[in-house]
Each structure stands twice: as structure tokens, then as C-alpha cells.
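Visitor: Quick one: the structure is below, and I'll ask about it shortly.
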Amino acid sequence: MTAAKLSNSQRLQRVLAVLSDMNEHSTREIAAEADVCAVNSCITELRENGAVIDCRQTRHPATENRIWLYRMTSPPPAVAATE
């Protein structure tokens, strides 16, 4: 897969905006807030652009279904340079 450039991708910019608070966000939350479908692909592309994003699996407290949570610990260099 060839990752999109962050500077050219509104899709990746929307996902980055959700993760920019450095808190954990579920796949469902990212999909809804950033209006994207393939969250895991977006995370991979952001990583290719230099973001450091952790992922962990847990269980939903009410349903016990497995959920994945993502947390950015370091933004991509291009974003960090503008902060």
C-alpha cells in the first residue's frame, strides 16, 4: 500500500484532528468523528507519515464485545513543526 501524503489528504487530516488531543479513541468514534470507513488503514497511513499511534484491544464495559482503542503519542513531523 502506498500511503497518502498528509498534506494532500483531507481524510487523514480529519483522523489526525480526532487523535490530536492525545486521548484514546475507539474505532467507532474515529469513524464517526472523522467520517471515514477504514480506520485501521488511516492509522497505518498516519504512521507512514510519521505519527506514533498506539493501539490496544479491550472489552466494551456494557457488551463485553472487543473494541480497539487508538492514541497518538507523537504527531507527524510536519504537524509537530507547526505547533
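By order of appearance in the C-alpha cells: chains A, B, ..., then residues from 1 within every chain, and ligands from 1 in the order shown.
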Neighbours of stretch 51-64 of chain A within 8 Å (only C-alpha atoms; same-chain residues fewer than 3 positions away dropped), as an mmCIF file with N, CA, C and O atoms, in the first residue's frame?

Guide:
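So selection03.cif came out as:
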```cif
data_model
loop_
_atom_site.group_PDB
_atom_site.id
_atom_site.type_symbol
_atom_site.label_atom_id
_atom_site.label_comp_id
_atom_site.auth_asym_id
_atom_site.auth_seq_id
_atom_site.Cartn_x
_atom_site.Cartn_y
_atom_site.Cartn_z
ATOM 1 N N ILE A 43 -4.953 4.810 10.134
ATOM 2 C CA ILE A 43 -3.927 4.770 11.177
ATOM 3 C C ILE A 43 -2.591 4.354 10.562
ATOM 4 O O ILE A 43 -1.548 4.965 10.842
ATOM 5 N N LEU A 46 -1.215 7.284 8.627
ATOM 6 C CA LEU A 46 -0.677 8.314 9.521
ATOM 7 C C LEU A 46 0.672 7.888 10.087
ATOM 8 O O LEU A 46 1.587 8.702 10.216
ATOM 9 N N ARG A 47 0.804 6.615 10.409
ATOM 10 C CA ARG A 47 2.095 6.103 10.876
ATOM 11 C C ARG A 47 3.156 6.245 9.791
ATOM 12 O O ARG A 47 4.300 6.596 10.077
ATOM 13 N N GLU A 48 2.787 5.969 8.555
ATOM 14 C CA GLU A 48 3.723 6.127 7.431
ATOM 15 C C GLU A 48 4.138 7.587 7.258
ATOM 16 O O GLU A 48 5.216 7.877 6.752
ATOM 17 N N ILE A 67 -13.149 -4.193 21.524
ATOM 18 C CA ILE A 67 -13.004 -2.907 20.842
ATOM 19 C C ILE A 67 -11.522 -2.552 20.787
ATOM 20 O O ILE A 67 -10.727 -3.034 21.593
ATOM 21 N N TRP A 68 -11.167 -1.734 19.811
ATOM 22 C CA TRP A 68 -9.791 -1.278 19.670
ATOM 23 C C TRP A 68 -9.748 0.208 19.939
ATOM 24 O O TRP A 68 -10.597 0.975 19.473
ATOM 25 N N LEU A 69 -8.746 0.607 20.712
ATOM 26 C CA LEU A 69 -8.562 2.000 21.079
ATOM 27 C C LEU A 69 -7.230 2.491 20.536
ATOM 28 O O LEU A 69 -6.209 1.794 20.652
ATOM 29 N N TYR A 70 -7.247 3.679 19.951
ATOM 30 C CA TYR A 70 -6.049 4.292 19.370
ATOM 31 C C TYR A 70 -5.720 5.570 20.127
ATOM 32 O O TYR A 70 -6.614 6.322 20.498
ATOM 33 N N ARG A 71 -4.423 5.790 20.332
ATOM 34 C CA ARG A 71 -3.966 7.027 20.988
ATOM 35 C C ARG A 71 -2.678 7.480 20.321
ATOM 36 O O ARG A 71 -1.702 6.737 20.237
ATOM 37 N N MET A 72 -2.682 8.706 19.825
ATOM 38 C CA MET A 72 -1.469 9.268 19.232
ATOM 39 C C MET A 72 -0.578 9.776 20.356
ATOM 40 O O MET A 72 -1.008 10.542 21.213
ATOM 41 N N THR A 73 0.680 9.338 20.360
ATOM 42 C CA THR A 73 1.628 9.784 21.379
ATOM 43 C C THR A 73 2.611 10.807 20.828
ATOM 44 O O THR A 73 3.260 11.510 21.598
ATOM 45 N N SER A 74 2.705 10.878 19.504
ATOM 46 C CA SER A 74 3.576 11.866 18.866
ATOM 47 C C SER A 74 3.020 12.177 17.475
ATOM 48 O O SER A 74 2.791 11.265 16.688
ATOM 49 N N PRO A 75 2.792 13.456 17.179
ATOM 50 C CA PRO A 75 2.241 13.811 15.859
ATOM 51 C C PRO A 75 3.291 13.637 14.768
ATOM 52 O O PRO A 75 4.490 13.552 15.046
ATOM 53 N N PRO A 76 2.849 13.616 13.524
ATOM 54 C CA PRO A 76 3.803 13.552 12.412
ATOM 55 C C PRO A 76 4.727 14.774 12.439
ATOM 56 O O PRO A 76 4.331 15.848 12.908
ATOM 57 N N PRO A 77 5.953 14.634 11.957
ATOM 58 C CA PRO A 77 6.910 15.749 11.986
ATOM 59 C C PRO A 77 6.383 17.041 11.376
ATOM 60 O O PRO A 77 6.629 18.119 11.902
#
```

Visitor: DSSP on the backbone, strand (DSSP E) only: what residues of chain A does that give? Format it as JSON, numbers by chain.

Guide: {"A": [25, 26, 52, 53, 54, 55, 56, 57, 58, 59, 66, 67, 68, 69, 70, 71, 72, 73, 74]}

Visitor: Create the file for the chosen residues now, containing C-alpha atoms and written as a compact mmCIF listing (two decimals), in the first residue's frame.

Guide:
```txt
# COMPACT_ATOMS: atom_id res chain seq x y z
CA HIS A 25 -10.44 6.90 20.76
CA SER A 26 -12.29 3.80 19.64
CA VAL A 52 3.31 7.48 16.58
CA ILE A 53 -0.03 5.87 17.38
CA ASP A 54 -0.58 3.19 20.00
CA CYS A 55 -3.35 0.63 19.72
CA ARG A 56 -4.80 -1.65 22.33
CA GLN A 57 -7.66 -4.09 22.46
CA THR A 58 -10.13 -4.15 25.33
CA ARG A 59 -13.73 -5.11 26.04
CA ARG A 66 -13.88 -6.47 21.77
CA ILE A 67 -13.00 -2.91 20.84
CA TRP A 68 -9.79 -1.28 19.67
CA LEU A 69 -8.56 2.00 21.08
CA TYR A 70 -6.05 4.29 19.37
CA ARG A 71 -3.97 7.03 20.99
CA MET A 72 -1.47 9.27 19.23
CA THR A 73 1.63 9.78 21.38
CA SER A 74 3.58 11.87 18.87
```

Visitor: When distances are computed from only C-alpha atoms, which of A:Asn65, A:Asn49, A:Ala78, A:Thr27 shows the smallest separation from A:Lys5?

Guide: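 Of A:Asn65, A:Asn49, A:Ala78, A:Thr27, the one nearest A:Lys5, counting only C-alpha atoms, is A:Asn49.
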
Visitor: Quick one: pick out all helix (DSSP H, G or I) residues within stretch 7-75 of chain A from a backbone DSSP run and write them as a PyMOL selection string.

Guide: chain A and resi 7-8+10-19+27-34+39-48

Visitor: Find the residues near A:Ser41: any atom within 12 Å, counting only C-alpha atoms, skip ones fewer than 6 places away on the same chain, and give them as a count of residues only.

Guide: 11
